[in-house]
Amino acid sequence: MSAVAVEETGVDLDQALWEMWKSADVPEGYRLEIIEENLAVSPTGGTRHLTVNRRLGRALHDHLSGSGYGPAQDGNVIAGLKVLIPDVFVAPDDTDEIEHPEGLGLLASGVPLVAETVSPGAENRRRGHVLKRRAYAAAGIPVYVIIDDHDGGGAVTVLTDPDPKLRDYASSTKVPYGREAVIPEGPARGFVIGPDITGEHRG
């Protein structure tokens with residue numbers, strides 16, 4: 001159903017997308033998100049993507065031990081009628097207070113950090129650097145980390161200070177592979193994303 005068709009029928013677009021998302025039968029190996037005004041289908045990623053995400057998840061697990069928070073992967077993070085599926089995110093160990101009322105995922109308001117590992121291709125880079133940047137900022141998620149093999153010789157970008165109205169982050173720090181990117185705030189404060197997770201510079 002297109003946005004034009006929805007508008008002509010007088011149906012609320014966000015509500016229509018939400019209902020379509022809830023009833024969708026997504027093939028194995030794909031994820032379905034509601035990003036801005038679209039249902040977005042994307043593959044779950046290849047071996048390199050999986051390797052980086054596993055390293056990141058393991059390192060976050062160690063860093064967050066005893067903090068009341070831990071890492072999760074490929075779960076639904078819901079902001080209103082928008083649905084985002086970060087590659088890795090941080091959530092409270094006790095999720096009862098931030099569970100979606102229908103049990104469909106976790107509320108974005110309780111998620112302090114999300115991370116995306118960018119897959120090859122222009123559309124994937126646009127999703128990670130533009131569409132999801134806007135979506136996570138609009139949801140008010142405090143820290144968004146982008147790990148991108150294809151940004152020069154590889155770079156980690158740490159975005160903070162979201163402005164939900166502007167749908168953007170006020171602060172951005174980009175660190176090339178081979179150096180250490182440090183999370184500046186939240187439960188993962190002081191966590192280092194370096195060569196142990198990303199590998200060395202890919203120049």
# chains A, B, ... in the order shown; residues from 1 in each chain; ligands from 1
call {"tool": "select_by_dssp", "arguments": {"residues": "chain A", "states": "strand (DSSP E or B)", "output": "NGL selection string"}}
result
:A and (30-35 or 38-43 or 69-73 or 77-79 or 82-84 or 88-92 or 99 or 106-107 or 113-118 or 143-148 or 155-163 or 168-176 or 181-182 or 192-193)
call {"tool": "residues_around", "arguments": {"residues": "His201 of chain A", "least_positions_apart": "2", "cutoff": "7 Å", "atoms": "only C-alpha atoms", "output": "list in words"}}
result
Gly153, Gly154, Pro176, Tyr177, Gly178, Gly199 and Gly203 of chain A
call {"tool": "closest_atom_pairs", "arguments": {"of": "segment 150-196 of chain A", "to": "segment 120-140 of chain A", "cutoff": "9 Å", "atoms": "only C-alpha atoms", "output": "tab-separated table"}}
result
residue	atom	partner	partner_atom	distance
A:His150	CA	A:Pro120	CA	7.0
A:Leu159	CA	A:Arg133	CA	8.5
A:Thr160	CA	A:Ala137	CA	8.8
A:Asp161	CA	A:Ala137	CA	8.4
A:Pro162	CA	A:Ala137	CA	4.8
A:Asp163	CA	A:Ala137	CA	6.0
A:Pro164	CA	A:Ala138	CA	3.9
A:Lys165	CA	A:Ala138	CA	6.6
A:Leu166	CA	A:Ala138	CA	7.4
A:Arg167	CA	A:Ala138	CA	4.5
A:Asp168	CA	A:Ala137	CA	5.1
A:Tyr169	CA	A:Ala137	CA	6.0
call {"tool": "closest_atom_pairs", "arguments": {"of": "segment 109-134 of chain A", "to": "segment 79-101 of chain A", "cutoff": "10 Å", "atoms": "only C-alpha atoms", "output": "CSV"}}
result
residue,atom,partner,partner_atom,distance
A:Ser109,CA,A:Ala79,CA,7.4
A:Gly110,CA,A:Ile98,CA,5.8
A:Val111,CA,A:Ala91,CA,5.2
A:Pro112,CA,A:Val90,CA,6.2
A:Leu113,CA,A:Val90,CA,5.3
A:Val114,CA,A:Phe89,CA,4.2
A:Ala115,CA,A:Val88,CA,5.2
A:Glu116,CA,A:Asp87,CA,5.1
A:Thr117,CA,A:Asp87,CA,6.7
A:Val118,CA,A:Asp87,CA,9.4
A:Gly128,CA,A:Pro86,CA,9.9
A:Lys132,CA,A:Leu84,CA,8.2
call {"tool": "closest_residue", "arguments": {"among": "A:Ala40, A:Arg48, A:Glu28, A:Ile141", "to": "Val77 of chain A", "atoms": "only C-alpha atoms"}}
result
A:Ile141
call {"tool": "residues_around", "arguments": {"residues": "segment 183-196 of chain A", "least_positions_apart": "6", "cutoff": "8 Å", "atoms": "only C-alpha atoms", "output": "number ranges by chain"}}
result
A: 55-56, 60, 63-64, 67, 69, 112-113, 142-143, 156, 158, 177
call {"tool": "closest_residue", "arguments": {"among": "A:Asp14, A:His49, A:Ser23, A:Arg179", "to": "Glu36 of chain A", "atoms": "only C-alpha atoms"}}
result
A:Asp14
call {"tool": "residues_around", "arguments": {"residues": "segment 45-47 of chain A", "least_positions_apart": "3", "cutoff": "8 Å", "atoms": "only C-alpha atoms", "output": "ChimeraX atom specification"}}
result
/A:50-51,119
